[in-house]
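Asker: Below is the file structure-v4.cif, which contains mmCIF, C-alpha atoms.
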```
data_entry
loop_
_atom_site.label_atom_id
_atom_site.label_comp_id
_atom_site.auth_asym_id
_atom_site.auth_seq_id
_atom_site.Cartn_x
_atom_site.Cartn_y
_atom_site.Cartn_z
CA MET A 1 52.18 29.91 72.66
CA GLU A 2 54.56 27.15 73.69
CA GLU A 3 57.35 28.89 71.84
CA SER A 4 56.72 32.24 73.53
CA ARG A 5 56.66 30.55 76.94
CA GLN A 6 59.98 28.97 76.17
CA GLN A 7 61.35 32.32 75.12
CA ILE A 8 60.24 33.91 78.38
CA SER A 9 61.71 31.07 80.45
CA GLU A 10 65.02 31.41 78.61
CA MET A 11 65.38 35.11 79.33
CA PRO A 12 68.33 35.56 81.67
CA SER A 13 68.11 37.48 84.93
CA TYR A 14 69.01 41.15 84.53
CA TRP A 15 70.48 41.53 88.02
CA ASN A 16 74.00 40.58 86.91
CA SER A 17 73.90 43.33 84.30
CA VAL A 18 72.46 45.79 86.83
CA PHE A 19 75.19 45.14 89.39
CA LEU A 20 77.97 45.00 86.81
CA ALA A 21 77.02 48.39 85.34
CA GLY A 22 76.35 49.73 88.86
CA ALA A 23 79.78 48.62 90.03
CA ILE A 24 81.57 50.09 87.00
CA PHE A 25 79.86 53.46 87.16
CA GLY A 26 79.89 53.55 90.95
CA LEU A 27 83.66 53.01 90.82
CA VAL A 28 84.10 55.69 88.14
CA SER A 29 82.00 58.12 90.17
CA ALA A 30 83.89 57.32 93.39
CA ILE A 31 87.30 57.67 91.71
CA GLY A 32 86.19 61.01 90.28
CA GLN A 33 85.03 62.25 93.69
CA LEU A 34 88.19 61.06 95.44
CA LEU A 35 90.47 62.53 92.76
CA GLN A 36 88.62 65.81 93.05
CA GLY A 37 89.00 65.64 96.82
CA TYR A 38 92.75 65.05 96.68
CA VAL A 39 93.24 67.83 94.11
CA THR A 40 91.33 70.16 96.45
CA ILE A 41 93.45 69.06 99.43
CA ASN A 42 96.77 69.42 97.62
CA THR A 43 96.17 72.56 95.56
CA GLY A 44 93.61 74.43 97.65
CA GLU A 45 91.45 74.75 94.55
CA GLN A 46 88.52 72.80 93.24
CA SER A 47 89.47 70.94 90.10
CA GLY A 48 87.38 71.95 87.14
CA TRP A 49 88.69 69.42 84.66
CA ILE A 50 88.07 66.21 86.64
CA SER A 51 84.44 67.05 87.25
CA PHE A 52 84.25 68.30 83.68
CA VAL A 53 85.40 64.90 82.39
CA ILE A 54 82.98 62.93 84.57
CA CYS A 55 80.08 65.30 83.81
CA LEU A 56 77.03 63.17 82.92
CA VAL A 57 79.13 59.97 82.79
CA SER A 58 77.10 58.55 85.70
CA ALA A 59 74.01 58.66 83.49
CA PHE A 60 75.34 55.90 81.24
CA GLY A 61 75.03 53.01 83.69
CA GLY A 62 71.64 52.10 82.24
CA PHE A 63 73.02 52.17 78.71
CA THR A 64 75.88 49.87 79.72
CA ALA A 65 73.58 47.51 81.64
CA LEU A 66 71.42 47.10 78.54
CA TRP A 67 74.47 46.54 76.36
CA HIS A 68 75.57 43.74 78.70
CA TYR A 69 72.08 42.29 79.13
CA THR A 70 71.32 42.11 75.42
CA SER A 71 74.67 40.39 74.82
CA LEU A 72 73.55 37.47 77.02
CA GLY A 73 71.34 35.92 74.38
CA ASP A 74 69.03 36.36 71.44
CA PHE A 75 65.80 37.64 72.94
CA SER A 76 63.54 40.64 72.58
CA ILE A 77 63.09 43.32 75.21
CA THR A 78 60.52 46.06 75.78
CA LEU A 79 61.30 49.72 76.39
CA GLY A 80 59.66 49.41 79.80
CA LYS A 81 61.95 46.61 80.87
CA GLY A 82 64.96 48.55 79.57
CA ALA A 83 63.81 51.53 81.63
CA LEU A 84 63.53 49.35 84.74
CA ILE A 85 66.99 47.82 84.25
CA GLY A 86 68.43 51.30 83.66
CA PHE A 87 66.80 52.68 86.81
CA PHE A 88 68.15 49.85 88.96
CA ALA A 89 71.63 50.24 87.44
CA GLY A 90 71.61 53.97 88.21
CA VAL A 91 70.50 53.50 91.81
CA ALA A 92 73.09 50.73 92.24
CA ALA A 93 75.83 52.98 90.80
CA ALA A 94 74.91 55.82 93.17
CA PHE A 95 74.95 53.62 96.29
CA ILE A 96 78.08 51.68 95.26
CA GLY A 97 79.87 54.98 94.58
CA TYR A 98 78.80 56.29 97.99
CA ALA A 99 79.93 53.04 99.69
CA ILE A 100 83.36 53.11 98.00
CA VAL A 101 83.97 56.69 99.17
CA GLU A 102 82.90 55.75 102.71
CA VAL A 103 85.23 52.72 102.70
CA TRP A 104 88.05 54.93 101.43
CA LYS A 105 87.62 57.17 104.48
CA PHE A 106 88.60 54.16 106.63
CA ILE A 107 91.55 53.32 104.38
CA ASP A 108 92.83 56.91 104.50
CA PRO A 109 91.53 58.46 107.75
CA SER A 110 93.28 61.76 107.00
CA TYR A 111 91.23 62.26 103.81
CA GLU A 112 88.00 63.62 105.29
CA PRO A 113 89.48 66.09 107.83
CA ALA A 114 91.95 67.37 105.22
CA LEU A 115 89.17 67.81 102.66
CA LYS A 116 87.01 69.69 105.18
CA GLU A 117 89.92 71.96 106.06
CA ALA A 118 90.70 72.67 102.39
CA SER A 119 87.01 73.27 101.58
CA ILE A 120 86.66 75.71 104.47
CA ALA A 121 89.77 77.58 103.32
CA ILE A 122 88.29 77.87 99.82
CA ILE A 123 85.03 79.25 101.25
CA GLU A 124 86.83 81.75 103.51
CA ASN A 125 89.06 83.01 100.69
CA ASN A 126 86.33 83.31 98.07
CA PRO A 127 85.38 87.00 97.73
CA GLU A 128 82.33 86.13 95.61
CA ILE A 129 80.58 84.36 98.50
CA PRO A 130 78.63 86.86 100.63
CA ASP A 131 79.79 87.00 104.26
CA ALA A 132 76.30 86.09 105.44
CA TRP A 133 76.59 82.75 103.62
CA LYS A 134 80.15 81.92 104.63
CA GLN A 135 79.37 80.84 108.19
CA GLN A 136 76.42 78.69 107.05
CA MET A 137 78.62 76.96 104.50
CA ILE A 138 81.44 76.42 106.98
CA ASP A 139 79.00 74.99 109.53
CA ALA A 140 77.56 72.64 106.91
CA THR A 141 81.07 71.53 105.92
CA HIS A 142 81.97 70.82 109.56
CA ASP A 143 78.78 68.97 110.33
CA PRO A 144 76.74 68.02 107.24
CA GLY A 145 74.22 66.13 109.39
CA MET A 146 71.15 65.09 107.40
CA LEU A 147 72.49 66.85 104.29
CA THR A 148 74.71 63.85 103.49
CA TYR A 149 71.83 61.39 103.61
CA LEU A 150 69.51 63.68 101.65
CA THR A 151 72.20 64.19 99.04
CA THR A 152 72.82 60.47 98.74
CA ALA A 153 69.14 59.52 98.57
CA GLY A 154 68.18 62.38 96.24
CA GLY A 155 71.25 61.78 94.07
CA ALA A 156 70.43 58.06 93.85
CA ILE A 157 66.86 58.73 92.69
CA LEU A 158 68.00 61.35 90.18
CA THR A 159 70.78 59.12 88.89
CA GLY A 160 68.25 56.28 88.67
CA VAL A 161 65.85 58.37 86.59
CA LEU A 162 68.57 59.53 84.19
CA ASN A 163 69.77 55.94 83.84
CA LEU A 164 66.17 54.93 83.16
CA LEU A 165 66.36 57.14 80.08
CA THR A 166 69.71 55.75 78.95
CA GLY A 167 68.37 52.24 79.63
CA MET A 168 65.58 52.91 77.13
CA LEU A 169 68.18 54.27 74.76
CA GLY A 170 70.14 51.04 75.24
CA VAL A 171 67.06 49.04 74.17
CA LYS A 172 66.85 51.10 70.98
CA ILE A 173 70.55 50.78 70.21
CA PHE A 174 71.35 47.21 71.28
CA GLY A 175 68.03 45.45 71.73
CA LYS A 176 65.77 43.41 69.56
CA GLN A 177 62.61 45.25 70.49
CA GLU A 178 59.33 43.46 71.03
CA LYS A 179 56.67 44.61 68.63
CA GLU A 180 53.54 46.21 70.08
CA PHE A 181 50.37 45.06 68.38
CA MET B 296 49.34 53.09 71.78
CA ALA B 297 49.21 50.22 74.28
CA ASN B 298 48.29 51.15 77.82
CA HIS B 299 51.65 50.38 79.41
CA GLN B 300 53.37 52.28 76.59
CA ALA B 301 51.16 55.29 77.36
CA ASN B 302 52.10 55.03 81.04
CA LEU B 303 55.80 54.88 80.18
CA TYR B 304 55.50 57.88 77.86
CA LEU B 305 53.73 59.94 80.53
CA PHE B 306 56.11 58.80 83.27
CA VAL B 307 59.17 59.81 81.25
CA LEU B 308 57.52 63.13 80.35
CA ALA B 309 56.87 63.85 84.03
CA ALA B 310 60.34 62.68 85.06
CA ILE B 311 62.24 64.74 82.50
CA GLY B 312 60.02 67.75 83.24
CA GLY B 313 60.91 67.38 86.91
CA ILE B 314 64.60 67.09 86.09
CA VAL B 315 64.50 70.31 84.05
CA VAL B 316 62.77 72.16 86.91
CA LEU B 317 65.31 70.80 89.43
CA GLY B 318 68.16 71.71 87.09
CA LEU B 319 67.05 75.35 87.13
CA GLY B 320 68.25 75.42 90.74
CA GLY B 321 67.07 77.35 93.76
CA GLY B 322 67.32 80.78 92.16
CA ILE B 323 64.08 80.38 90.28
CA PHE B 324 62.29 79.72 93.59
CA ASN B 325 64.23 82.54 95.25
CA GLN B 326 65.64 80.17 97.87
CA GLN B 327 67.62 82.00 100.53
CA ALA B 328 70.17 79.34 101.51
CA PRO B 329 73.65 79.49 99.94
CA TRP B 330 73.31 77.86 96.54
CA GLN B 331 76.07 75.33 97.26
CA LEU B 332 73.94 73.91 100.05
CA GLN B 333 70.63 73.87 98.20
CA TRP B 334 69.22 70.40 97.67
CA GLN B 335 69.01 70.86 93.91
CA HIS B 336 72.78 71.42 93.78
CA GLN B 337 73.41 68.49 96.09
CA ALA B 338 71.21 66.16 94.05
CA PHE B 339 73.07 66.92 90.81
CA SER B 340 76.51 66.97 92.42
CA THR B 341 77.59 63.58 91.05
CA LEU B 342 76.01 64.15 87.64
CA CYS B 343 77.26 67.56 86.57
CA HIS B 344 80.40 69.59 87.19
CA GLN B 345 78.17 72.54 88.22
CA ASN B 346 80.81 75.13 87.43
CA PRO B 347 79.09 78.47 88.19
CA ALA B 348 81.07 80.13 85.39
CA ARG B 349 79.58 77.66 82.91
CA SER B 350 76.02 77.86 84.21
CA PHE B 351 73.18 80.32 83.69
CA TRP B 352 72.29 82.45 86.70
CA VAL B 353 68.79 83.21 87.98
CA ASN B 354 68.15 85.71 90.81
CA GLY B 355 71.84 85.91 91.63
CA GLN B 356 72.27 82.13 91.87
CA PRO B 357 73.72 79.69 89.36
CA MET B 358 71.50 76.90 88.11
CA ALA B 359 72.06 73.42 89.53
CA VAL B 360 73.46 72.15 86.22
CA CYS B 361 75.80 73.63 83.62
CA SER B 362 74.42 75.16 80.43
CA ARG B 363 75.18 72.08 78.29
CA CYS B 364 73.45 69.71 80.72
CA LEU B 365 70.49 72.10 80.91
CA GLY B 366 70.34 72.05 77.10
CA ILE B 367 70.41 68.24 77.04
CA TYR B 368 67.61 67.93 79.60
CA ALA B 369 65.49 70.73 78.13
CA GLY B 370 66.04 69.48 74.58
CA PHE B 371 65.07 65.95 75.56
CA ALA B 372 62.00 67.22 77.43
CA GLY B 373 60.91 69.30 74.44
CA GLY B 374 61.62 66.49 72.00
CA TRP B 375 59.77 63.97 74.14
CA PHE B 376 56.78 66.29 74.49
CA LEU B 377 56.62 66.63 70.71
CA LEU B 378 56.84 62.88 69.98
CA PRO B 379 53.19 62.76 68.80
CA LEU B 380 54.01 65.41 66.18
CA TYR B 381 56.97 63.41 64.91
CA ALA B 382 54.65 60.46 64.48
CA ILE B 383 52.36 62.55 62.28
CA GLY B 384 55.36 63.66 60.26
CA ASN B 385 56.61 60.06 60.10
CA VAL B 386 60.06 61.29 61.12
CA ALA B 387 61.28 57.86 62.21
CA GLU B 388 61.03 56.45 58.72
CA ARG B 389 62.16 59.51 56.83
CA TRP B 390 65.35 60.33 58.69
CA SER B 391 68.21 58.20 59.90
CA ILE B 392 67.91 59.48 63.45
CA LYS B 393 70.64 57.34 64.99
CA LYS B 394 73.15 58.74 62.49
CA ILE B 395 71.96 62.28 63.23
CA THR B 396 72.36 61.63 66.97
CA LEU B 397 75.85 60.24 66.44
CA ALA B 398 76.74 63.34 64.42
CA VAL B 399 75.42 65.60 67.21
CA VAL B 400 77.44 63.63 69.81
CA VAL B 401 80.56 64.15 67.68
CA ILE B 402 79.78 67.87 67.34
CA ASN B 403 79.52 68.17 71.13
CA ILE B 404 82.79 66.27 71.68
CA VAL B 405 84.57 68.42 69.08
CA ASP B 406 83.19 71.55 70.77
CA ILE B 407 84.41 70.39 74.20
CA VAL B 408 87.86 69.29 72.99
CA GLY B 409 88.33 72.41 70.85
CA ASN B 410 87.48 74.57 73.85
CA ILE B 411 89.88 72.67 76.15
CA LEU B 412 92.71 72.89 73.59
CA GLY B 413 92.08 76.61 73.13
CA PHE B 414 91.07 76.51 69.45
CA TRP B 415 87.92 78.44 70.31
CA GLU B 416 85.97 79.56 73.33
CA ASN B 417 82.44 78.29 73.57
CA THR B 418 79.78 80.34 75.33
CA LEU B 419 76.84 79.65 77.61
CA VAL B 420 74.47 79.96 74.66
CA SER B 421 76.54 77.78 72.29
CA ARG B 422 76.81 75.03 74.92
CA LEU B 423 73.07 75.29 75.58
CA ALA B 424 72.36 75.06 71.86
CA PHE B 425 74.61 72.02 71.29
CA GLY B 426 73.17 70.34 74.39
CA CYS B 427 69.65 71.04 73.12
CA MET B 428 70.48 69.49 69.75
CA LEU B 429 71.70 66.36 71.54
CA GLY B 430 68.63 66.14 73.77
CA ILE B 431 66.21 66.58 70.86
CA SER B 432 68.00 64.05 68.67
CA VAL B 433 68.01 61.44 71.47
CA ALA B 434 64.27 61.98 71.99
CA LEU B 435 63.75 61.59 68.24
CA ILE B 436 65.17 58.05 68.46
CA PHE B 437 61.94 57.10 70.24
CA SER B 438 59.65 58.53 67.58
CA GLY B 439 57.44 55.76 66.29
CA ASP B 440 57.65 53.80 69.56
CA PHE B 441 54.81 55.45 71.42
CA PHE B 442 52.53 56.80 68.73
CA LYS B 443 51.41 55.19 65.54
CA THR B 444 52.80 56.78 62.44
CA ILE B 445 50.42 57.86 59.76
CA ASN B 446 51.53 56.03 56.67
CA LYS B 447 50.58 57.76 53.50
CA SER B 448 50.60 55.52 50.47
CA LYS B 449 53.85 55.97 48.62
CA GLU B 450 52.63 54.00 45.66
CA LYS B 451 51.68 55.84 42.59
CA GLN B 452 49.08 54.34 40.37
CA TYR B 453 50.58 53.26 37.15
CA GLY B 454 48.17 52.35 34.42
CA ARG B 455 44.79 51.05 35.30
CA ILE B 456 43.30 47.79 36.23
CA THR B 457 41.89 46.28 33.13
CA ALA B 458 39.71 43.34 32.69
CA THR B 459 41.20 41.05 30.13
CA ASP B 460 40.54 37.55 29.11
CA ILE B 461 37.01 37.72 30.30
#
```
Can the structure from this file be put into structure tokens for me?
Answerer:
Amino acid sequence: MEESRQQISEMPSYWNSVFLAGAIFGLVSAIGQLLQGYVTINTGEQSGWISFVICLVSAFGGFTALWHYTSLGDFSITLGKGALIGFFAGVAAAFIGYAIVEVWKFIDPSYEPALKEASIAIIENNPEIPDAWKQQMIDATHDPGMLTYLTTAGGAILTGVLNLLTGMLGVKIFGKQEKEF
Amino acid sequence: MANHQANLYLFVLAAIGGIVVLGLGGGIFNQQAPWQLQWQHQAFSTLCHQNPARSFWVNGQPMAVCSRCLGIYAGFAGGWFLLPLYAIGNVAERWSIKKITLAVVVINIVDIVGNILGFWENTLVSRLAFGCMLGISVALIFSGDFFKTINKSKEKQYGRITATDI
């Protein structure tokens, strides 16, 4: 009993791992978004390969957080705790990524108007988009309104849930799992 | 299965089921807004490249995720749902699931790289199938964690117990 108490008291805080993984994957996500934005601005086309490369990468924040957390010491960890750490890492990555992009808009004030202009040109020149939709899409590009906040909040929850799964995977790969009796 | 383990299993089942439904996009619900503006597309925008040419279409609208991502999510959901069956089959002890998963990851990477380099052209169905394999194999890693395996005795009876030196 004394030994198990000691083990619990020696378990390090997981917040460092959460924020480290969140920062790494938030940065990767933000760089991907910004690169995509600049390719769109400069070529007038949406880059397939950048988004293709970063496809699902954001889901591995939880996995990385668990890798870091389990490297902090010799202790056991439950799947549930791994899931929690993964979820937090995912949500942190989503918000950090969003914050970096917002900060970048202050660093390069021409980025957002140029991206809007390029996106509108792509919509106008795309014959596959029905005319009835074009104006709605252009309006939403000009003034996203609540769409931006919904996207950020919804994306953060979704990213959190996917990272919850990779957090559990991290427990299985890196962790010394606690036995259930 | 301990109570909190049961809760985690059910939570993940509900979560991955929800993700699969969201990934199907607005077409399945016949949403009228342009698909680029639908909330399902927006929610997955940082997680998937959402290339319409590499996604399945429903009711004239592409799904919110590409075919490989759909396969991963659907495969994981199916695999997770069937975890109790794996426990009966004692899959965790019979197969080296982590090695199988690693092999499936390599297969997916080879498929992606080969397609980019022009060695072959993968299709919607092939990407879905490879994604499904990955999702199922990842779910299999958790077999034995939520449900007790049924251990059949592997020992054969050699000889018989005899009473000697009585």
Asker: Would you kindly translate the PyMOL selection byres ((chain B) within 8 of (chain A)) into the concrete residues it picks from this file, as a PyMOL selection string?
Answerer: chain B and resi 297+300+303+307+310+314+328-329+331-332+334+337-344+346+364+433+436-437
Asker: Might you pull out every residue within 8 Å of segment 369-382 of chain B, with all atoms listed in the file counted and same-chain residues fewer than 4 positions away left off, and present them as a PyMOL selection string?
Answerer: chain B and resi 308+311-312+315+365+386-387+426-435+437-439+441-445
Asker: Applying the PyMOL selection byres ((chain A and resi 27) around 8) to the file I just gave you, which residues come out? Please list them as a list of chain:residue names.
Answerer: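 When the PyMOL selection byres ((chain A and resi 27) around 8) is applied to the shown file, the picked residues are A:Ala23, A:Ile24, A:Phe25, A:Gly26, A:Val28, A:Ser29, A:Ala30, A:Ile31, A:Ala93, A:Ile96, A:Gly97, A:Ile100.
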Asker: Near Ser362 of chain B, counting only C-alpha atoms, which residues have an atom at most 10 Å away, once you skip same-chain residues fewer than 4 positions from it, shown as a PyMOL selection string?
Answerer: chain B and resi 318-319+345-352+358+366-368+418-427
Asker: Could you check the closest approach to Ile404 of chain B for each of B:Arg363, B:Val353, B:Gln333, B:Ile392 and tell me which residue wins, using only C-alpha atoms?
Answerer: B:Arg363
Asker: Quick one: distance from atom CA of Ala89 of chain A to atom CA of Gly22 of chain A in Å, one decimal?
Answerer: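 Straight-line distance from atom CA of Ala89 of chain A to atom CA of Gly22 of chain A works out to 5.0 Å.
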